[in-house]
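Down below is the structure, laid out as structure tokens.
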Amino acid sequence: VKVTFVSSNGTRREVEVAEGETAREAALFNGVPGIDGDCGGVCACATCHVHIDPAWIDIVGRLMEGAAEAELLQFAEGANQYSRLACQIPIVTTLEGLVLHVPAQQY
Ligand code: FES
């Protein structure tokens with residue numbers, strides 16, 4: 001599954017990720033800068049914050065109010081209605097071509 005990460009300076013990186021991995025792993029395994037994923041992908045650090053491209057937000061799904069992911073993201077730098085944690089986005093084939101924007105900083 002191809003996923004494109006767009007950095008805050010506009011650099012686009014297309015990476016290939018296996019189904020069943022997460023968007024966090026897609027970034028880490030391919031050395032995408034700006035995604036740290038410090039907690040190991042267990043929704044506890046928010047250093048894997050991404051903005052889902054507006055064209056994809058309804059396919060990926062928005063943050064669920066009250067969920068642990070939403071609680072973490074309220075403190076994240078630059079969080080908005082497109083914010084998600086990459087470790088909480090499982091990659092499935094319907095996400096082929098997904099575009100994720102990496103925030104300028106994670107905290
Ligand atoms: Fe820590 Fe996603 S890797 S919250």
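Each chain in the structure tokens gets a letter, A, B, ..., in the order shown, and its residues are numbered from 1; ligands are numbered from 1 in order too.
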Neighbours of ligand 1 within 9 Å, counting only C-alpha atoms and all ligand atoms, as an MDAnalysis selection string? chainID A and resid 24:25 35:49 69 72:73 85:88
Check the DSSP output for the backbone and give back, as a count of residues only, the residues of chain A in helix (DSSP H, G or I). 23
Taking 4 positions as the minimum chain separation for residues in the same chain, which residues sit within 9 Å of Glu14 in chain A when counting only C-alpha atoms? Answer as a list in words. Lys2, Val3, Thr4, Phe5, Val6, Gly97 and Val99 of chain A
Serialized selection, C-alpha atoms, as a PDB file, in the first residue's frame:
ATOM      1  CA  LYS A   2       1.458   3.352  -0.996  1.00  0.00           C
ATOM      2  CA  VAL A   3       1.300   6.180   1.519  1.00  0.00           C
ATOM      3  CA  THR A   4       2.643   9.690   0.949  1.00  0.00           C
ATOM      4  CA  PHE A   5       3.977  11.810   3.805  1.00  0.00           C
ATOM      5  CA  VAL A   6       4.186  15.538   3.176  1.00  0.00           C
ATOM      6  CA  GLY A  97      -2.609   6.533  -2.114  1.00  0.00           C
ATOM      7  CA  VAL A  99      -1.705  11.379   1.980  1.00  0.00           C
TER       8      VAL A  99
END
I need the residue nearest Gly78 in chain A from this list: A:Ala18, A:Val102, A:Leu95, A:Met64. Use only C-alpha atoms for the distance. A:Val102
Leaving out Asp53 in chain A and any residue of its chain fewer than 6 positions from it, which residues lie within 8 Å of it when counting only C-alpha atoms, given as a PyMOL selection string? chain A and resi 82+98-101
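Take the candidates A:Val32, A:Ala67, A:Ser7, A:Val60 and check each one against Val92 in chain A using only C-alpha atoms; the shortest distance goes to A:Val60.
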Excluding Asn9 in chain A and any residue of its chain fewer than 5 positions from it, enumerate the residues within 12 Å of it, using only C-alpha atoms, and give them as a PyMOL selection string. chain A and resi 33-34+101-105
Mind writing the picked residues with N, CA and C atoms as a PDB file, in the first residue's frame?
ATOM      1  N   PRO A  33      11.132  11.897   8.351  1.00  0.00           N
ATOM      2  CA  PRO A  33      11.432  12.773   9.482  1.00  0.00           C
ATOM      3  C   PRO A  33      10.158  13.377  10.073  1.00  0.00           C
ATOM      4  N   GLY A  34      10.196  13.624  11.373  1.00  0.00           N
ATOM      5  CA  GLY A  34       9.086  14.322  12.012  1.00  0.00           C
ATOM      6  C   GLY A  34       8.071  13.408  12.675  1.00  0.00           C
ATOM      7  N   HIS A 101       0.002  14.561   6.322  1.00  0.00           N
ATOM      8  CA  HIS A 101       0.866  15.731   6.482  1.00  0.00           C
ATOM      9  C   HIS A 101       1.522  15.668   7.856  1.00  0.00           C
ATOM     10  N   VAL A 102       2.836  15.872   7.869  1.00  0.00           N
ATOM     11  CA  VAL A 102       3.592  15.821   9.114  1.00  0.00           C
ATOM     12  C   VAL A 102       3.672  17.232   9.694  1.00  0.00           C
ATOM     13  N   PRO A 103       3.262  17.428  10.938  1.00  0.00           N
ATOM     14  CA  PRO A 103       3.325  18.776  11.518  1.00  0.00           C
ATOM     15  C   PRO A 103       4.754  19.276  11.651  1.00  0.00           C
ATOM     16  N   ALA A 104       4.913  20.594  11.707  1.00  0.00           N
ATOM     17  CA  ALA A 104       6.237  21.191  11.793  1.00  0.00           C
ATOM     18  C   ALA A 104       6.969  20.725  13.049  1.00  0.00           C
ATOM     19  N   GLN A 105       6.231  20.550  14.128  1.00  0.00           N
ATOM     20  CA  GLN A 105       6.858  19.992  15.328  1.00  0.00           C
ATOM     21  C   GLN A 105       5.834  19.138  16.052  1.00  0.00           C
TER      22      GLN A 105
END
Hey, which of A:Arg62, A:Phe75, A:Ile52, A:Thr94 ends up closest to Gly20 in chain A? Count only C-alpha atoms. A:Thr94
Go through chain A and collect every residue that DSSP, computed from the backbone, puts in strand (DSSP E or B); the answer should be as a ChimeraX atom specification. /A:2-6,12-16,22,49-52,83-85,90,98-101
Just the selected residues (C-alpha atoms), exported as a short mmCIF file (atom, residue, chain, number, x, y, z; two decimals), in the first residue's frame, please.
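Dumped to again.cif:
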data_model
loop_
_atom_site.label_atom_id
_atom_site.label_comp_id
_atom_site.auth_asym_id
_atom_site.auth_seq_id
_atom_site.Cartn_x
_atom_site.Cartn_y
_atom_site.Cartn_z
CA LYS A 2 1.46 3.35 -1.00
CA VAL A 3 1.30 6.18 1.52
CA THR A 4 2.64 9.69 0.95
CA PHE A 5 3.98 11.81 3.80
CA VAL A 6 4.19 15.54 3.18
CA ARG A 12 6.67 14.58 -0.37
CA ARG A 13 7.83 11.08 0.40
CA GLU A 14 5.98 8.11 -0.99
CA VAL A 15 6.55 4.92 0.96
CA GLU A 16 5.34 1.36 0.58
CA THR A 22 0.24 1.26 10.91
CA HIS A 49 0.80 13.19 15.27
CA VAL A 50 -0.20 13.64 11.64
CA HIS A 51 -2.79 15.68 9.78
CA ILE A 52 -4.84 13.53 7.47
CA SER A 83 -5.31 15.41 13.48
CA ARG A 84 -4.79 11.73 14.19
CA LEU A 85 -2.10 9.62 15.76
CA PRO A 90 -4.00 0.59 10.54
CA LEU A 98 -3.26 7.95 1.36
CA VAL A 99 -1.71 11.38 1.98
CA LEU A 100 -0.59 12.38 5.48
CA HIS A 101 0.87 15.73 6.48
#
Would you mind reading off the distance between CA of Thr93 in chain A and CA of Phe29 in chain A, one decimal, in Å?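 Atom-to-atom, CA of Thr93 in chain A to CA of Phe29 in chain A, that is 18.4 Å.
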Just the number, please: distance in Å from CA of Ala27 in chain A to CA of Ala68 in chain A, one decimal.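 It comes out at 21.6 Å.
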Given the choices A:Glu21, A:Glu77, A:Ile89, A:Ser8, which gets closest to Leu63 in chain A if the distance is worked out from only C-alpha atoms?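 Looking only at the distances to Leu63 in chain A, the closest residue turns out to be A:Ile89.
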